[in-house]
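J.: What follows is a structure written as structure tokens; I'll ask about it next.
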2 protein chains.
Amino acid sequence: MAETAKALETSTRILDAAEVLFVEHGFDATSMRMITQSAGVNIAAVNYYFGSKDGLFKAVFERRAEPFARLTLERLGELESRDVAPNAREITEAFVAGSAELGRDASLGGLLFVRLMGRTFVEPHPILKESMPRRYGEVTRRYLAAYRRALPHLSDQEVHWRFHFLTSAMFNAFAGNNVLRLFMDQPLVNARDPILVARMLLPFIEAGLNAPAANP
Amino acid sequence: MAETAKALETSTRILDAAEVLFVEHGFDATSMRMITQSAGVNIAAVNYYFGSKDGLFKAVFERRAEPFARLTLERLGELESRDVAPNAREITEAFVAGSAELGRDASLGGLLFVRLMGRTFVEPHPILKESMPRRYGEVTRRYLAAYRRALPHLSDQEVHWRFHFLTSAMFNAFAGNNVLRLFMDQPLVNARDPILVARMLLPFIEAGLNAPAANP
DNA sequence: TTTGTTTTCAAACATCTGTTTGAAAAATTA
DNA sequence: TAATTTTTCAAACAGATGTTTGAAAACAAA
């Protein structure tokens, strides 16, 4: 199945609709009927093309996973092919640029995938347990190694901690998961424009990474 | 209703069970039957004491909201009553200390509430729209003002952005929402111990806050 | 066209959802 | 004690959930 042009168009419409709804409402709060209605297809189509709702979720993720991994690895590769070793700022720029690029190009899923990532950290769906490390293991390992070289004053452990912090800040920022939006009536900052977010984010992260070690 | 000792004990058992389950599975994926079964009470008890599932969620939040707001405001108040103006590190310590304290004291909800907060940024429940700004508006305003004074080289806007970044990193760190946990098979960093998290977090955030402005 | 495959569709499936009911039990008040 | 209120409980409620069915429609290959 899913070989003809017709089938491809239908399954794509389902993926597009599901992506938006999963990001907006989360996995559990998004029903099959919401998805199929939004996609303009029959309810049975989801099970026909993706087997189950879980299968659809996985497919939604898989479609964006490769471009994202490719983009971030490409940027890092360019950096490391130079003759001078990249510093923390440049490595971060490569990573952020990949995300921002993804966020700008609608054909790559736009900001939706970044937001979906942000959700997934908080509520990881069991079905991704296996595919995520396979897809992003290399990305993570290579960025961690690059940071390690750029930050010789930090231990392995502490480099991992800081990567944890920077990705949290980054994904939430791109997703617009703003504390202020929740805590204040008129938040001053509520933008999701990837360019603006990246510009605000970079000085913060660069300084945070270069900070002295916590361990004495 | 909810005046006798018996009623108080029952409603507390419901709140405790619901808190754990909401944090673990989220609002939608947690059913009434899961909650009442875990609490050892009849299904109807939730509607009897809290009116509805939404009402229960609000009650779960409200129970922890006041102690958290009080703790963070107390720490800031102590700082500002000194004769020297606090710097960014000290202000952050006050904020983080409040969260860590909450995380350590089980009677205050332990880490559960911090994790629930983390979830709420990503999937804000409509029922909190009104109560959150009322509860945390003052906390946010006072911390933002303190940061503003401690970071005169930053605009209002940029202070807000950095507060956004620091809270994202903080809540995710305390909640253990680790990118590495999702991306790698054997994450080096997976601790949720508030003391350790706070020690790793502080140098990163302090440096990030003090970083030069992004705007030229 | 005829044959075979792929795709759509309305309807029904069993199961789970949050909520309500009305009576029994327990606790409190008089 | 008896009268009254508060709290529990099993059962049922209407509606939504993901999934399956089997036939009709659309398409492709012969």
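Each chain in the structure tokens gets a letter, A, B and so on, in the order shown; residues start at 1 in every chain, and ligands are counted from 1 in the order they appear.
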Would you give me, as a short mmCIF file (atom, residue, chain, number, x, y, z; two decimals) with N, CA and C atoms, in the first residue's frame, the residues of chain B that come within 7 Å of chain A, using only C-alpha atoms?
T.:
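Once written, result_37.cif looks like this:
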data_model
loop_
_atom_site.label_atom_id
_atom_site.label_comp_id
_atom_site.auth_asym_id
_atom_site.auth_seq_id
_atom_site.Cartn_x
_atom_site.Cartn_y
_atom_site.Cartn_z
N ASP B 28 -4.92 14.66 30.53
CA ASP B 28 -5.83 13.87 29.69
C ASP B 28 -5.62 12.37 29.83
N ALA B 29 -4.39 11.97 30.02
CA ALA B 29 -4.10 10.54 30.10
C ALA B 29 -4.38 9.98 31.49
N ARG B 119 5.25 20.72 33.27
CA ARG B 119 4.22 20.21 32.34
C ARG B 119 3.30 21.33 31.90
N PHE B 121 3.67 24.50 31.56
CA PHE B 121 4.15 25.46 30.56
C PHE B 121 3.89 24.91 29.16
N VAL B 122 4.06 23.60 29.03
CA VAL B 122 3.92 22.98 27.72
C VAL B 122 2.46 22.78 27.35
N MET B 132 -3.43 31.58 37.76
CA MET B 132 -1.97 31.65 37.74
C MET B 132 -1.44 33.08 37.84
N PRO B 133 -1.91 33.99 36.99
CA PRO B 133 -1.42 35.36 37.12
C PRO B 133 -1.74 35.96 38.50
N TYR B 136 0.88 34.18 40.84
CA TYR B 136 2.31 34.35 40.60
C TYR B 136 2.66 35.68 39.95
N GLY B 137 1.66 36.51 39.72
CA GLY B 137 1.93 37.81 39.13
C GLY B 137 2.92 38.59 39.97
N THR B 140 6.51 37.10 39.88
CA THR B 140 7.17 37.40 38.61
C THR B 140 7.59 38.86 38.54
N GLN B 157 12.83 44.38 27.87
CA GLN B 157 12.58 43.25 26.96
C GLN B 157 13.58 42.13 27.17
N HIS B 160 13.30 40.20 30.32
CA HIS B 160 12.19 39.24 30.22
C HIS B 160 12.60 37.99 29.46
N TRP B 161 13.31 38.19 28.35
CA TRP B 161 13.78 37.04 27.58
C TRP B 161 14.66 36.14 28.46
N HIS B 164 12.76 34.18 30.89
CA HIS B 164 12.13 33.10 30.14
C HIS B 164 13.11 31.93 29.99
N PHE B 165 14.33 32.23 29.57
CA PHE B 165 15.33 31.17 29.37
C PHE B 165 15.69 30.48 30.68
N THR B 167 14.03 30.24 33.52
CA THR B 167 12.97 29.41 34.10
C THR B 167 12.78 28.12 33.29
N SER B 168 12.94 28.21 31.97
CA SER B 168 12.85 27.00 31.15
C SER B 168 13.90 25.99 31.58
N ALA B 169 15.13 26.46 31.67
CA ALA B 169 16.22 25.57 32.07
C ALA B 169 15.97 25.02 33.47
N ASN B 172 12.82 22.51 33.76
CA ASN B 172 13.13 21.25 33.10
C ASN B 172 14.20 20.48 33.85
N ALA B 173 15.15 21.21 34.40
CA ALA B 173 16.22 20.54 35.14
C ALA B 173 15.66 19.86 36.39
N ASN B 177 13.43 16.64 32.87
CA ASN B 177 13.05 16.54 31.45
C ASN B 177 14.30 16.70 30.59
N ASN B 178 15.03 15.65 30.49
CA ASN B 178 16.34 15.71 29.90
C ASN B 178 16.33 15.28 28.44
N VAL B 179 16.86 16.14 27.60
CA VAL B 179 16.99 15.81 26.19
C VAL B 179 17.85 14.56 26.03
N LEU B 180 18.90 14.50 26.80
CA LEU B 180 19.84 13.39 26.69
C LEU B 180 19.16 12.07 27.04
N LEU B 182 16.29 11.28 26.38
CA LEU B 182 15.46 10.86 25.25
C LEU B 182 16.31 10.46 24.04
N PHE B 183 17.46 11.11 23.92
CA PHE B 183 18.27 10.96 22.71
C PHE B 183 19.35 9.88 22.83
N MET B 184 19.75 9.57 24.06
CA MET B 184 20.84 8.62 24.21
C MET B 184 20.38 7.37 24.97
N ASP B 185 21.08 6.29 24.72
CA ASP B 185 20.71 5.04 25.38
C ASP B 185 21.12 5.03 26.85
N LEU B 188 24.45 10.17 30.63
CA LEU B 188 25.39 10.35 31.73
C LEU B 188 24.75 11.12 32.87
N VAL B 189 23.79 11.94 32.49
CA VAL B 189 23.19 12.84 33.48
C VAL B 189 21.70 12.56 33.55
N ARG B 199 23.29 23.10 42.07
CA ARG B 199 24.73 23.41 42.00
C ARG B 199 25.21 23.46 40.55
N MET B 200 24.68 22.57 39.73
CA MET B 200 25.07 22.56 38.32
C MET B 200 24.46 23.75 37.58
N PRO B 203 25.95 28.26 38.06
CA PRO B 203 26.98 28.94 37.27
C PRO B 203 26.50 29.23 35.85
N PHE B 204 25.79 28.30 35.28
CA PHE B 204 25.28 28.47 33.92
C PHE B 204 24.36 29.68 33.84
N ILE B 205 23.41 29.75 34.74
CA ILE B 205 22.44 30.84 34.69
C ILE B 205 23.05 32.18 35.05
N ALA B 207 26.08 33.23 34.60
CA ALA B 207 26.85 33.73 33.46
C ALA B 207 25.92 34.16 32.33
N GLY B 208 24.87 33.37 32.10
CA GLY B 208 23.93 33.71 31.05
C GLY B 208 23.26 35.05 31.28
N LEU B 209 22.90 35.30 32.52
CA LEU B 209 22.23 36.56 32.84
C LEU B 209 23.16 37.75 32.67
N ALA B 211 25.59 38.05 30.70
CA ALA B 211 26.13 38.19 29.34
C ALA B 211 25.75 39.54 28.76
N PRO B 212 26.59 40.06 27.86
CA PRO B 212 26.27 41.34 27.22
C PRO B 212 24.97 41.28 26.44
N ALA B 214 22.15 41.43 23.59
CA ALA B 214 22.14 41.00 22.20
C ALA B 214 21.90 42.19 21.28
#
J.: Set out as JSON lines a contact list for chain D and chain A with a cut-off of 10 Å, giving each residue of chain D that qualifies its closest atom pair and distance in Å to one decimal, counting only C-alpha atoms (C1' of nucleotides), ordered by chain and rising residue number.
T.:
{"residue": "D:DA16", "atom": "C1'", "partner": "A:Ser31", "partner_atom": "CA", "distance": 9.3}
{"residue": "D:DT17", "atom": "C1'", "partner": "A:Ser31", "partner_atom": "CA", "distance": 7.6}
{"residue": "D:DG18", "atom": "C1'", "partner": "A:Met32", "partner_atom": "CA", "distance": 7.4}
{"residue": "D:DT19", "atom": "C1'", "partner": "A:Asn47", "partner_atom": "CA", "distance": 7.7}
{"residue": "D:DT20", "atom": "C1'", "partner": "A:Ala44", "partner_atom": "CA", "distance": 8.8}
{"residue": "D:DC27", "atom": "C1'", "partner": "A:Thr4", "partner_atom": "CA", "distance": 9.2}
{"residue": "D:DA28", "atom": "C1'", "partner": "A:Thr4", "partner_atom": "CA", "distance": 9.7}
J.: Store the residues picked out above, limited to C-alpha atoms (C1' of nucleotides), as a compact mmCIF listing (two decimals), in the first residue's frame.
T.:
# COMPACT_ATOMS: atom_id res chain seq x y z
C1' DA D 16 -16.53 9.70 23.11
C1' DT D 17 -12.67 6.70 22.32
C1' DG D 18 -9.66 3.73 18.87
C1' DT D 19 -10.49 0.03 15.86
C1' DT D 20 -12.69 -3.29 12.59
C1' DC D 27 -7.49 2.72 -10.14
C1' DA D 28 -3.99 -0.20 -12.64
J.: Taking into account only C-alpha atoms (C1' of nucleotides), which residue in the set C:DT19, C:DT29, C:DT8, C:DT1 is nearest to chain A?
T.: C:DT8
J.: Using only C-alpha atoms (C1' of nucleotides), I'd like every residue of chain C that has an atom within 10 Å of chain B; please write them out as a ChimeraX atom specification.
T.: /C:16-20,27-28
